[in-house]
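The structure appears below as structure tokens.
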Amino acid sequence: MTTIERQLVGYLKDAHALQEHVEAVLSEMLTTVASVPDICRPLGHYADRSRRHTREIEARLHAHRTSPSLVRDAGALFAAVLDAGLGRTRRDPTGRHIRDAYVAVHLQIAAGEMLRRVAERAGDGETAAVAAAMCDDAYAMSRELSDRWDLAVELSLRQHGVQNVPPPPREDDR
């Protein structure tokens, strides 16, 4: 295996571990926001696409005659379980989950962009295409979440007992 192929496999394993982590976090988030369709619906669609990307990354690992890293995946899964456990004790699960989803999506973008670029330089168009699709979905989810910041704040304030949540300021007032 050449040096660039080793790098590519390393990025594939990293992407797989991150996907496993994000899937676990999304599962917890979907439980928390189940009663909020404006958030649950896009997160649910994104979770479905993320599972598909995980399978595609696994297929690319197998094409390179390797498999996901159990150590990386176990670490990511442990972190996700820890996050989920901590999330239950927070008083503001919806607001924090939306924030955490936004961060996770941007980690996926970073992992996908690195994977795509290494794959292109290694001449692996199939892996580059998988990474590009992963990035496209993550960029779209980032926009979806960005469009819901005011809703996240409103839900957060309500969870903290604010009865009459003031509306967000108008754009020209900001």
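Just so we're on the same page: first chain in the structure tokens is A, next is B, and so on; residues restart at 1 for each chain, and ligands are numbered from 1 in the order they show up.
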### Task
Enumerate, as a ChimeraX atom specification, the complete set of residues in segment 18-173 of chain A that a backbone-based DSSP assignment places in helix (DSSP H, G or I).
/A:18-32,37-63,70-89,93-122,125-146,149-159,171-173
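The gap separating atom CA of Val25 of chain A from atom CA of Arg143 of chain A is 18.8 Å, in Å to one decimal.
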### Query
Which residue out of A:Asp48, A:Asp172, A:Asp137, A:Asp100 has the minimum interatomic distance to Met29 of chain A when only C-alpha atoms are used?
A:Asp100
Residues at most 12 Å from Val103 of chain A, counting only C-alpha atoms, excluding those fewer than 4 positions away in the same chain, as a compact mmCIF listing (two decimals) with N, CA, C and O atoms, in the first residue's frame?
```
# COMPACT_ATOMS: atom_id res chain seq x y z
N VAL A 22 -21.99 10.45 15.05
CA VAL A 22 -23.10 11.34 14.67
C VAL A 22 -24.42 10.57 14.65
O VAL A 22 -25.45 11.09 15.10
N VAL A 25 -25.58 10.27 18.23
CA VAL A 25 -26.02 11.57 18.73
C VAL A 25 -27.37 11.95 18.10
O VAL A 25 -28.27 12.43 18.79
N ARG A 96 -29.46 22.86 23.34
CA ARG A 96 -28.11 22.28 23.29
C ARG A 96 -28.00 21.23 22.19
O ARG A 96 -26.96 21.14 21.54
N HIS A 97 -29.05 20.46 21.96
CA HIS A 97 -29.00 19.46 20.89
C HIS A 97 -28.87 20.12 19.53
O HIS A 97 -28.15 19.63 18.66
N ILE A 98 -29.59 21.20 19.33
CA ILE A 98 -29.49 21.89 18.04
C ILE A 98 -28.09 22.46 17.86
O ILE A 98 -27.48 22.34 16.80
N ARG A 99 -27.56 23.04 18.92
CA ARG A 99 -26.18 23.54 18.87
C ARG A 99 -25.21 22.40 18.58
O ARG A 99 -24.33 22.51 17.72
N LEU A 107 -18.27 19.13 11.71
CA LEU A 107 -17.20 18.13 11.78
C LEU A 107 -17.30 17.18 10.60
O LEU A 107 -16.28 16.79 10.01
N GLN A 108 -18.53 16.80 10.23
CA GLN A 108 -18.71 15.94 9.06
C GLN A 108 -18.25 16.64 7.78
O GLN A 108 -17.67 16.01 6.91
N ILE A 109 -18.52 17.93 7.69
CA ILE A 109 -18.06 18.69 6.52
C ILE A 109 -16.54 18.65 6.45
O ILE A 109 -15.97 18.36 5.39
N ALA A 110 -15.89 18.91 7.57
CA ALA A 110 -14.42 18.92 7.59
C ALA A 110 -13.87 17.53 7.24
O ALA A 110 -12.95 17.42 6.41
N ALA A 138 -24.33 17.40 4.49
CA ALA A 138 -23.96 18.13 5.71
C ALA A 138 -24.13 19.63 5.51
O ALA A 138 -24.62 20.33 6.41
N TYR A 139 -23.73 20.15 4.35
CA TYR A 139 -23.94 21.58 4.07
C TYR A 139 -25.43 21.91 4.09
O TYR A 139 -25.85 22.94 4.64
N MET A 141 -27.81 20.31 5.72
CA MET A 141 -28.29 20.23 7.10
C MET A 141 -27.85 21.46 7.88
O MET A 141 -28.60 21.98 8.71
N SER A 142 -26.65 21.96 7.62
CA SER A 142 -26.17 23.16 8.29
C SER A 142 -27.11 24.33 8.00
O SER A 142 -27.46 25.10 8.90
N LEU A 145 -30.39 23.83 9.94
CA LEU A 145 -30.25 24.19 11.35
C LEU A 145 -30.11 25.70 11.52
O LEU A 145 -30.69 26.28 12.45
N SER A 146 -29.37 26.34 10.63
CA SER A 146 -29.20 27.80 10.71
C SER A 146 -30.53 28.52 10.59
O SER A 146 -30.74 29.56 11.22
```
### Task
Please identify all polymer residues within 10 Å of Arg52 of chain A, counting only C-alpha atoms, omitting same-chain residues fewer than 5 positions from it, and present them as a ChimeraX atom specification.
/A:19,46-47,57-58,130,134
